[in-house]
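See below for final-v3.txt, which holds compact mmCIF, C-alpha atoms.
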```txt
# COMPACT_ATOMS: atom_id res chain seq x y z
CA MET H 1 0.00 0.00 0.00
CA ILE H 2 2.72 2.44 1.00
CA ILE H 3 4.73 1.53 -2.04
CA ARG H 4 1.66 2.12 -4.15
CA LEU H 5 1.07 5.49 -2.57
CA TYR H 6 4.70 6.37 -3.08
CA LEU H 7 4.52 5.36 -6.71
CA PHE H 8 1.36 7.36 -7.18
CA ILE H 9 2.91 10.47 -5.71
CA ARG H 10 6.08 9.92 -7.66
CA LEU H 11 4.17 9.52 -10.90
CA SER H 12 1.98 12.53 -10.32
CA THR H 13 4.91 14.78 -9.47
CA LEU H 14 6.66 13.47 -12.55
CA SER H 15 3.73 14.36 -14.75
CA LEU H 16 3.48 17.74 -13.03
CA LYS H 17 7.11 18.35 -13.84
CA LYS H 18 6.50 17.30 -17.40
CA GLN H 19 3.58 19.69 -17.62
CA ALA H 20 5.66 22.55 -16.25
CA THR H 21 8.38 21.76 -18.78
CA LYS H 22 5.86 21.73 -21.59
CA ARG H 23 4.42 25.03 -20.45
CA MET H 24 7.85 26.61 -20.40
CA VAL H 25 8.69 25.33 -23.89
CA LEU H 26 5.40 26.72 -25.15
CA LYS H 27 5.91 30.05 -23.39
CA GLY H 28 9.42 30.37 -24.84
CA PHE H 29 8.05 29.70 -28.29
CA VAL H 30 5.15 32.15 -27.89
CA ASP H 31 7.32 34.94 -26.47
CA MET H 32 9.82 34.57 -29.29
CA LEU H 33 7.11 34.38 -31.97
CA PRO H 34 6.83 38.11 -32.69
CA LEU H 35 10.62 38.35 -33.10
CA ASN H 36 10.54 35.25 -35.26
CA LEU H 37 7.89 36.77 -37.50
CA ALA H 38 9.67 40.12 -37.69
CA VAL H 39 12.78 38.54 -39.21
CA ILE H 40 10.86 36.77 -42.02
CA PRO H 41 11.79 39.37 -44.67
CA TRP H 42 15.37 39.55 -43.40
CA GLY H 43 15.73 35.73 -43.43
CA ILE H 44 14.29 35.46 -46.92
CA LEU H 45 16.69 38.19 -48.01
CA CYS H 46 19.69 36.30 -46.58
CA GLY H 47 18.71 33.03 -48.27
CA SER H 48 17.87 34.55 -51.63
CA LEU H 49 20.96 36.74 -51.67
CA ALA H 50 23.20 33.68 -51.21
CA ILE H 51 21.60 32.01 -54.25
CA GLN H 52 21.73 35.21 -56.31
CA ARG H 53 25.43 35.54 -55.48
CA ASP H 54 26.04 32.03 -56.87
CA PHE H 55 26.34 30.08 -53.66
CA SER H 56 25.49 26.38 -54.00
CA VAL H 57 22.37 25.23 -52.17
CA LEU H 58 24.52 23.45 -49.59
CA GLU H 59 26.59 26.58 -48.95
CA ALA H 60 23.48 28.72 -48.73
CA LEU H 61 21.99 26.24 -46.22
CA LEU H 62 25.11 26.08 -44.07
CA MET H 63 24.97 29.84 -43.51
CA PRO H 64 21.84 29.81 -41.29
CA LEU H 65 22.59 26.27 -40.05
CA LEU H 66 26.09 27.02 -38.72
CA VAL H 67 26.82 30.74 -38.89
CA PHE H 68 23.30 31.64 -37.70
CA ALA H 69 23.62 35.41 -37.77
CA GLY H 70 21.73 38.11 -39.62
CA ALA H 71 24.03 41.00 -40.42
CA ALA H 72 27.19 38.85 -40.47
CA GLN H 73 25.61 36.42 -42.94
CA LEU H 74 24.43 39.19 -45.23
CA VAL H 75 27.69 41.12 -45.28
CA ALA H 76 29.80 37.97 -45.65
CA THR H 77 27.68 36.81 -48.59
CA GLU H 78 28.42 40.04 -50.44
CA LEU H 79 32.11 39.91 -49.51
CA ILE H 80 32.54 36.29 -50.61
CA ALA H 81 30.74 37.03 -53.88
CA SER H 82 33.07 39.93 -54.61
CA ASN H 83 36.17 37.78 -54.00
CA THR H 84 37.34 39.71 -50.96
CA SER H 85 40.39 38.33 -49.18
CA LEU H 86 39.78 35.68 -46.54
CA ALA H 87 41.32 37.82 -43.79
CA THR H 88 38.97 40.72 -44.55
CA ILE H 89 35.92 38.45 -44.57
CA LEU H 90 36.78 36.81 -41.27
CA PHE H 91 37.75 40.11 -39.64
CA THR H 92 34.49 41.70 -40.73
CA VAL H 93 32.47 38.79 -39.38
CA PHE H 94 34.40 39.03 -36.13
CA ILE H 95 33.69 42.76 -35.81
CA ILE H 96 29.98 42.32 -36.53
CA SER H 97 29.77 39.45 -34.04
CA SER H 98 31.80 41.13 -31.34
CA ARG H 99 28.68 42.50 -29.61
CA HIS H 100 28.07 38.91 -28.48
CA PHE H 101 31.03 39.29 -26.11
CA LEU H 102 28.89 41.73 -24.15
CA TYR H 103 26.01 39.24 -24.03
CA GLY H 104 28.34 36.51 -22.83
CA LEU H 105 29.73 38.78 -20.11
CA ALA H 106 26.27 39.86 -19.01
CA LEU H 107 25.07 36.24 -18.76
CA ARG H 108 28.37 34.75 -17.52
CA ASP H 109 27.46 34.39 -13.86
CA LYS H 110 24.16 32.73 -14.72
CA LEU H 111 25.53 30.23 -17.21
CA LYS H 112 29.16 29.44 -16.37
CA ALA H 113 28.27 26.74 -13.84
CA LEU H 114 26.13 24.76 -16.29
CA PRO H 115 27.37 21.45 -17.69
CA LEU H 116 29.28 21.75 -20.97
CA THR H 117 26.54 20.58 -23.34
CA LYS H 118 23.98 22.99 -21.90
CA ARG H 119 26.43 25.86 -21.94
CA VAL H 120 27.41 25.18 -25.54
CA SER H 121 23.78 24.78 -26.61
CA ILE H 122 22.62 28.04 -25.08
CA ALA H 123 25.69 29.84 -26.45
CA PHE H 124 24.91 28.53 -29.91
CA VAL H 125 21.42 30.07 -29.89
CA LEU H 126 22.50 33.27 -28.11
CA THR H 127 21.27 35.92 -30.54
CA ASP H 128 20.33 39.59 -30.11
CA GLU H 129 16.76 38.40 -29.86
CA LEU H 130 17.36 35.81 -27.15
CA PHE H 131 19.50 38.25 -25.19
CA ALA H 132 16.71 40.81 -25.43
CA LEU H 133 14.36 38.26 -23.84
CA SER H 134 16.87 37.44 -21.09
CA THR H 135 17.38 40.86 -19.53
CA ASN H 136 15.41 40.11 -16.38
CA ARG H 137 17.56 39.57 -13.31
CA LYS H 138 16.01 36.15 -12.81
CA SER H 139 16.07 34.99 -16.42
CA LEU H 140 17.87 31.73 -17.19
CA GLN H 141 18.08 31.02 -13.45
CA GLY H 142 16.94 27.57 -12.43
CA LYS H 143 15.81 24.68 -14.55
CA LEU H 144 12.47 25.97 -15.80
CA ARG H 145 13.73 29.43 -16.81
CA MET H 146 16.60 27.69 -18.56
CA ILE H 147 14.15 25.52 -20.50
CA TYR H 148 12.17 28.66 -21.35
CA GLY H 149 15.26 30.45 -22.64
CA PHE H 150 16.49 27.49 -24.60
CA ALA H 151 13.07 26.89 -26.16
CA ALA H 152 12.90 30.55 -27.17
CA GLY H 153 16.43 30.46 -28.61
CA LEU H 154 15.87 27.20 -30.45
CA SER H 155 12.56 28.35 -31.92
CA PHE H 156 14.39 31.38 -33.27
CA TYR H 157 17.05 29.11 -34.76
CA PHE H 158 14.50 26.99 -36.61
CA GLY H 159 12.51 30.04 -37.64
CA TRP H 160 15.62 31.68 -39.05
CA LEU H 161 16.51 28.44 -40.86
CA LEU H 162 13.01 28.19 -42.34
CA TRP H 163 12.97 31.79 -43.63
CA ASN H 164 16.41 31.26 -45.13
CA ILE H 165 15.23 28.07 -46.86
CA ILE H 166 12.26 29.94 -48.32
CA GLY H 167 14.72 32.55 -49.60
CA ILE H 168 16.96 29.83 -51.04
CA ILE H 169 14.04 28.18 -52.86
CA ALA H 170 12.59 31.46 -54.08
CA GLY H 171 16.00 33.02 -54.65
CA SER H 172 16.16 32.57 -58.38
CA PHE H 173 12.64 33.95 -58.86
CA LEU H 174 12.93 36.92 -56.54
CA PRO H 175 14.25 40.30 -57.56
CA ASP H 176 17.26 41.71 -55.72
CA LEU H 177 15.82 42.39 -52.28
CA THR H 178 18.78 44.22 -50.82
CA ALA H 179 17.44 47.68 -51.72
CA MET H 180 13.88 47.03 -50.54
CA GLY H 181 14.37 48.36 -47.02
CA LEU H 182 13.75 44.98 -45.37
CA ASP H 183 16.00 46.00 -42.52
CA PHE H 184 13.26 48.29 -41.28
CA ALA H 185 11.46 45.29 -39.73
CA ILE H 186 14.57 44.62 -37.62
CA ALA H 187 14.65 48.23 -36.45
CA ALA H 188 10.93 48.09 -35.63
CA THR H 189 11.42 44.96 -33.50
CA PHE H 190 14.25 46.53 -31.55
CA ILE H 191 12.22 49.71 -31.04
CA ALA H 192 9.42 47.53 -29.66
CA LEU H 193 11.90 45.84 -27.31
CA VAL H 194 13.85 48.89 -26.17
CA ILE H 195 11.40 51.80 -25.87
CA PRO H 196 8.98 50.20 -23.36
CA SER H 197 11.96 49.04 -21.28
CA ILE H 198 13.04 52.64 -20.60
CA THR H 199 11.59 52.98 -17.13
CA THR H 200 14.45 54.67 -15.29
CA VAL H 201 16.59 57.77 -15.87
CA PRO H 202 19.83 55.74 -16.24
CA ALA H 203 18.18 53.54 -18.89
CA PHE H 204 17.01 56.68 -20.70
CA VAL H 205 20.52 58.16 -20.64
CA THR H 206 21.94 54.86 -21.95
CA VAL H 207 19.53 54.79 -24.90
CA ILE H 208 20.08 58.45 -25.84
CA VAL H 209 23.88 58.15 -25.73
CA ALA H 210 23.83 54.87 -27.68
CA ALA H 211 21.54 56.43 -30.28
CA ILE H 212 23.67 59.52 -30.87
CA LEU H 213 27.08 57.83 -30.75
CA SER H 214 26.08 54.87 -32.95
CA VAL H 215 24.99 57.27 -35.69
CA ILE H 216 28.13 59.40 -35.39
CA PHE H 217 30.48 56.40 -35.39
CA LYS H 218 28.62 54.86 -38.33
CA LEU H 219 29.06 58.08 -40.31
CA TRP H 220 32.75 58.07 -39.38
CA HIS H 221 33.02 54.48 -40.70
CA TRP H 222 34.41 53.15 -37.45
CA GLN H 223 34.48 49.39 -37.76
CA LEU H 224 33.72 48.84 -34.10
CA ASP H 225 31.01 51.54 -34.16
CA LEU H 226 28.34 49.39 -32.58
CA VAL H 227 30.43 47.99 -29.76
CA ILE H 228 32.18 51.25 -28.82
CA ALA H 229 28.92 53.22 -28.88
CA SER H 230 27.33 50.53 -26.68
CA ILE H 231 30.15 50.46 -24.14
CA ILE H 232 30.25 54.26 -23.76
CA ALA H 233 26.45 54.31 -23.45
CA MET H 234 26.58 51.59 -20.77
CA CYS H 235 29.14 53.64 -18.82
CA CYS H 236 26.91 56.73 -19.05
CA GLY H 237 23.97 54.70 -17.75
CA TYR H 238 26.11 53.32 -14.94
CA PHE H 239 27.41 56.75 -13.86
CA THR H 240 23.91 58.19 -13.97
CA LEU H 241 22.80 55.43 -11.64
CA GLN H 242 25.72 56.11 -9.27
CA LEU H 243 24.86 59.81 -9.31
CA GLN H 244 21.24 59.02 -8.53
CA ILE H 245 22.25 56.86 -5.58
CA LYS H 246 24.58 59.58 -4.30
CA LEU H 247 21.92 62.27 -4.57
CA LYS H 248 19.44 60.06 -2.79
CA ASN H 249 21.92 59.45 0.03
CA ILE H 250 22.43 63.17 0.48
CA GLU H 251 18.67 63.72 0.55
CA THR H 252 18.05 61.10 3.20
CA MET H 253 21.05 62.10 5.31
CA PRO H 254 20.14 63.72 8.65
CA ARG H 255 20.69 67.49 8.64
CA SER H 256 23.21 67.45 11.44
CA SER H 257 25.66 65.44 9.34
CA LEU H 258 25.59 67.88 6.43
CA MET A 1 36.64 27.40 -50.84
CA THR A 2 33.33 29.07 -49.97
CA LEU A 3 32.50 26.05 -47.85
CA LEU A 4 35.70 26.46 -45.88
CA ILE A 5 35.09 30.18 -45.36
CA ILE A 6 31.58 29.42 -44.08
CA LEU A 7 32.98 26.90 -41.58
CA MET A 8 35.51 29.44 -40.32
CA MET A 9 32.79 32.08 -40.04
CA ALA A 10 30.71 29.63 -38.03
CA GLY A 11 33.67 29.19 -35.71
CA ILE A 12 33.97 32.94 -35.23
CA THR A 13 30.29 33.60 -34.50
CA PHE A 14 30.22 30.69 -32.08
CA ILE A 15 33.37 31.78 -30.25
CA THR A 16 32.05 35.32 -29.79
CA ARG A 17 28.89 33.84 -28.27
CA TYR A 18 30.56 31.22 -26.12
CA LEU A 19 33.87 32.71 -24.92
CA PHE A 20 32.70 34.56 -21.80
CA LEU A 21 30.48 31.68 -20.75
CA HIS A 22 33.53 29.47 -20.39
CA PRO A 23 33.97 28.78 -16.67
CA SER A 24 37.76 28.54 -16.49
CA LEU A 25 38.24 31.98 -18.01
CA PRO A 26 39.94 34.04 -15.28
CA ILE A 27 37.27 36.72 -15.10
CA LYS A 28 35.32 37.71 -12.07
CA ILE A 29 32.34 40.00 -12.41
CA GLY A 30 31.96 42.19 -9.35
CA PRO A 31 28.85 44.18 -8.43
CA LYS A 32 30.13 47.27 -10.28
CA VAL A 33 30.72 45.50 -13.58
CA SER A 34 27.49 43.61 -13.11
CA SER A 35 25.62 46.89 -12.71
CA LEU A 36 27.42 48.23 -15.79
CA LEU A 37 26.45 45.16 -17.80
CA SER A 38 22.81 45.52 -16.83
CA PHE A 39 22.73 48.40 -19.33
CA SER A 40 24.04 46.25 -22.19
CA ALA A 41 20.67 45.31 -23.68
CA PRO A 42 19.26 48.83 -24.16
CA ALA A 43 22.71 50.05 -25.27
CA VAL A 44 23.41 47.40 -27.91
CA LEU A 45 19.88 47.11 -29.26
CA THR A 46 19.66 50.91 -29.62
CA ALA A 47 23.05 51.05 -31.31
CA ILE A 48 21.74 48.51 -33.81
CA TRP A 49 18.41 50.11 -34.71
CA VAL A 50 19.14 53.84 -34.68
CA PRO A 51 21.73 53.78 -37.52
CA ILE A 52 19.37 51.62 -39.62
CA ILE A 53 16.90 54.52 -39.49
CA PHE A 54 19.14 57.59 -39.70
CA VAL A 55 22.13 56.48 -41.79
CA GLN A 56 21.26 55.75 -45.40
CA ASP A 57 23.81 55.48 -48.19
CA GLU A 58 26.46 56.59 -45.71
CA SER A 59 24.84 59.93 -44.96
CA LEU A 60 22.64 61.28 -42.19
CA VAL A 61 18.92 61.45 -42.92
CA ILE A 62 16.75 63.47 -40.55
CA SER A 63 13.61 64.21 -42.50
CA ILE A 64 10.20 63.23 -41.21
CA PHE A 65 9.16 62.60 -44.83
CA ASP A 66 11.69 59.82 -45.15
CA ALA A 67 10.06 56.35 -44.97
CA TYR A 68 12.51 55.07 -42.35
CA VAL A 69 12.27 58.11 -40.11
CA MET A 70 8.51 58.41 -40.33
CA ALA A 71 7.84 54.71 -39.73
CA ALA A 72 10.33 54.64 -36.84
CA THR A 73 8.54 57.62 -35.26
CA VAL A 74 5.28 55.70 -35.59
CA ALA A 75 6.97 52.63 -34.06
CA VAL A 76 8.17 54.62 -31.04
CA ILE A 77 4.71 56.08 -30.43
CA VAL A 78 2.92 52.73 -30.85
CA SER A 79 5.43 50.97 -28.60
CA ILE A 80 4.84 53.51 -25.82
CA LYS A 81 1.07 53.32 -26.22
CA THR A 82 0.65 49.55 -26.59
CA LYS A 83 3.90 48.00 -25.27
CA SER A 84 3.16 45.22 -27.76
CA ILE A 85 5.75 43.92 -30.21
CA TYR A 86 3.00 42.80 -32.62
CA TRP A 87 1.26 46.18 -32.80
CA THR A 88 4.53 48.08 -32.97
CA VAL A 89 6.03 46.01 -35.78
CA GLY A 90 2.72 45.59 -37.62
CA ILE A 91 1.68 49.24 -37.73
CA SER A 92 5.17 50.63 -38.34
CA VAL A 93 6.01 48.18 -41.13
CA LEU A 94 2.69 49.04 -42.77
CA THR A 95 3.54 52.73 -42.47
CA PHE A 96 6.96 52.08 -43.95
CA ALA A 97 5.54 50.16 -46.91
CA LEU A 98 2.89 52.83 -47.56
CA VAL A 99 5.34 55.73 -47.47
CA ARG A 100 7.99 53.96 -49.48
CA PHE A 101 6.02 52.19 -52.17
CA VAL A 102 2.71 54.02 -52.46
CA VAL A 103 3.22 57.69 -51.71
```
Whole structure given in structure tokens:
Amino acid sequence: MIIRLYLFIRLSTLSLKKQATKRMVLKGFVDMLPLNLAVIPWGILCGSLAIQRDFSVLEALLMPLLVFAGAAQLVATELIASNTSLATILFTVFIISSRHFLYGLALRDKLKALPLTKRVSIAFVLTDELFALSTNRKSLQGKLRMIYGFAAGLSFYFGWLLWNIIGIIAGSFLPDLTAMGLDFAIAATFIALVIPSITTVPAFVTVIVAAILSVIFKLWHWQLDLVIASIIAMCCGYFTLQLQIKLKNIETMPRSSL
Amino acid sequence: MTLLIILMMAGITFITRYLFLHPSLPIKIGPKVSSLLSFSAPAVLTAIWVPIIFVQDESLVISIFDAYVMAATVAVIVSIKTKSIYWTVGISVLTFALVRFVV
């Protein structure tokens, strides 16, 4: 009888766990869905461009399968097609990807203790989009949030692959999409992610500084424009926060100590 | 050759994503750096989208009649009003398409 009861409890907790896992996978998928849909034009562009620049189908497929990056894929496709030197291609890809260093640093303390396979898997699907969904202090902490994050990241991987495949298939029928302004959808997604998240003065300062500097550095053709603008903006946000804390301390200090 | 380049590119994108997650890297993130890094998402995402809107053909465009600028303005307003990614992307992309291809 006791064994039976034990088994019953065991089984029901197991199925509860399974349900929770399922819910998290579903939630990850649903939360990533708008970002997944927003990159449809961009993904189709990447796939079709590869075909139009005379990549073989296998090569065009390996881009989203292995490289799995938007801007880096696009720029590299053009560079490879124009017979640019290997060093330039790889350096450019490195520069474009270097923002991921910041994501890795920001998530380091949450992820470094994970077993190797999990760490490698989450790193593989660590895109701008997944990072944008992981900004909460608690995100990726604990098993369920990890499942949520991985489901979101993986759904983005397969979505990206699918849009690329559509581009590869349609590539020879489509006109040159590079001048169509398809990058606007990316900008719109990031606006939707960033603007509502500005709830504090330091966050506001960060966004304003990043906005101004990124444009200036882009016009100056700095290769590390994105990363340098981001780092300076982060510092400005940080110092604003410190200033806020200091001012608050002065305000709450008893008069006698002033 | 292209195949080889793609494999090397894959290596680079993966390393940039993985490097700082590697546990034996001798880096310790104190509370100060951690606070600094908490601003990375708004900083990087902004530094990605703002130049898409305002830098076209390597020059600065600040005209409300430009499709990018107008649709981005709409996106900012809708995102504040609705806080929904769907509404923001939907309405602003529609605005963009209208201004660019119809008007």
- request: Check every residue of chain A for an atom within 6 Å of chain H, counting only C-alpha atoms, and provide those that qualify as a PyMOL selection string.
  value: chain A and resi 10+13+16-18+20-23+36-37+39+42-44+46-47+49-51+79-80+83+85+88-89
field: All residues 8 Å or closer to segment 167-173 of chain H, all atoms listed in the file, same chain fewer than 5 positions away omitted, as JSON, numbers by chain
entry: {"H": [43, 44, 45, 46, 47, 48, 49, 50, 51, 52, 57, 60, 61]}
- request: Measure the distance from atom CA of Ala72 of chain A to atom CA of Val39 of chain H in Å and round it to one decimal.
  value: 16.5 Å
message: Can you measure atom CA of Thr84 of chain H to atom CA of Leu174 of chain H for me? One decimal in Å is fine.
response: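 Atom CA of Thr84 of chain H sits 25.2 Å away from atom CA of Leu174 of chain H.
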message: To one decimal place in Å, what is the distance between atom CA of Ile5 of chain A and atom CA of Asp54 of chain H?
response: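 Spanning atom CA of Ile5 of chain A to atom CA of Asp54 of chain H is a straight-line distance of 14.8 Å.
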Using only the atoms of segment 173-178 of chain H listed in the file, plus 4 Å on each side, state the axis-aligned box centre and edge lengths in Å rounded to one decimal, as AutoDock Vina command-line options.
```
--center_x 15.7 --center_y 39.1 --center_z -54.8 --size_x 14.1 --size_y 18.3 --size_z 16.0
```
message: Counting only C-alpha atoms, which residues have an atom no more than 12 Å from (5.8, 57.7, -35.8) in the file's coordinates? Please list them as a ChimeraX atom specification.
response: /H:188,191 /A:64-81,88-89,91-96,99
- prompt: Which of these residues is nearest to Tyr148 of chain H, using all atoms listed in the file: H:Gln223, H:Thr21, H:Thr178, H:Ser12?
  reply: H:Thr21
field: Selection near Gly153 of chain H, 7 Å with all atoms listed in the file, sequence-local residues under 2 positions removed, as a list in words
entry: Val125, Leu126, Leu130, Gly149, Phe150, Ala151, Ser155, Phe156 and Tyr157 of chain H
query: Between H:Gly159, H:Arg4, H:Lys248, H:Lys118, which is the closest to Leu140 of chain H once you count only C-alpha atoms?
result: H:Lys118
Mind rebuilding segment 227-247 of chain H with N, CA and C atoms and writing that out as a CSV table (one decimal), keeping the file's coordinate frame?
```
chain,number,residue,atom,x,y,z
H,227,VAL,N,30.0,48.4,-31.1
H,227,VAL,CA,30.4,48.0,-29.8
H,227,VAL,C,30.9,49.2,-28.9
H,228,ILE,N,31.7,50.1,-29.6
H,228,ILE,CA,32.2,51.2,-28.8
H,228,ILE,C,31.0,52.1,-28.4
H,229,ALA,N,30.1,52.4,-29.3
H,229,ALA,CA,28.9,53.2,-28.9
H,229,ALA,C,28.2,52.6,-27.7
H,230,SER,N,28.0,51.2,-27.8
H,230,SER,CA,27.3,50.5,-26.7
H,230,SER,C,28.1,50.7,-25.4
H,231,ILE,N,29.4,50.4,-25.4
H,231,ILE,CA,30.2,50.5,-24.1
H,231,ILE,C,30.1,51.9,-23.5
H,232,ILE,N,30.3,52.9,-24.3
H,232,ILE,CA,30.2,54.3,-23.8
H,232,ILE,C,28.8,54.5,-23.2
H,233,ALA,N,27.8,54.1,-23.9
H,233,ALA,CA,26.4,54.3,-23.4
H,233,ALA,C,26.2,53.6,-22.1
H,234,MET,N,26.7,52.4,-22.0
H,234,MET,CA,26.6,51.6,-20.8
H,234,MET,C,27.2,52.3,-19.6
H,235,CYS,N,28.4,52.9,-19.9
H,235,CYS,CA,29.1,53.6,-18.8
H,235,CYS,C,28.3,54.8,-18.4
H,236,CYS,N,27.7,55.6,-19.4
H,236,CYS,CA,26.9,56.7,-19.0
H,236,CYS,C,25.7,56.3,-18.2
H,237,GLY,N,25.1,55.2,-18.5
H,237,GLY,CA,24.0,54.7,-17.8
H,237,GLY,C,24.4,54.4,-16.3
H,238,TYR,N,25.6,53.7,-16.2
H,238,TYR,CA,26.1,53.3,-14.9
H,238,TYR,C,26.4,54.5,-14.1
H,239,PHE,N,27.1,55.6,-14.7
H,239,PHE,CA,27.4,56.8,-13.9
H,239,PHE,C,26.2,57.5,-13.5
H,240,THR,N,25.2,57.5,-14.3
H,240,THR,CA,23.9,58.2,-14.0
H,240,THR,C,23.3,57.5,-12.8
H,241,LEU,N,23.3,56.2,-12.8
H,241,LEU,CA,22.8,55.4,-11.6
H,241,LEU,C,23.6,55.7,-10.4
H,242,GLN,N,24.9,55.8,-10.4
H,242,GLN,CA,25.7,56.1,-9.3
H,242,GLN,C,25.4,57.5,-8.7
H,243,LEU,N,25.2,58.4,-9.7
H,243,LEU,CA,24.9,59.8,-9.3
H,243,LEU,C,23.5,59.8,-8.6
H,244,GLN,N,22.6,59.1,-9.1
H,244,GLN,CA,21.2,59.0,-8.5
H,244,GLN,C,21.3,58.5,-7.1
H,245,ILE,N,22.1,57.5,-6.9
H,245,ILE,CA,22.2,56.9,-5.6
H,245,ILE,C,22.9,57.9,-4.6
H,246,LYS,N,23.9,58.6,-5.1
H,246,LYS,CA,24.6,59.6,-4.3
H,246,LYS,C,23.6,60.7,-3.9
H,247,LEU,N,22.9,61.2,-4.9
H,247,LEU,CA,21.9,62.3,-4.6
H,247,LEU,C,20.9,61.8,-3.6
```
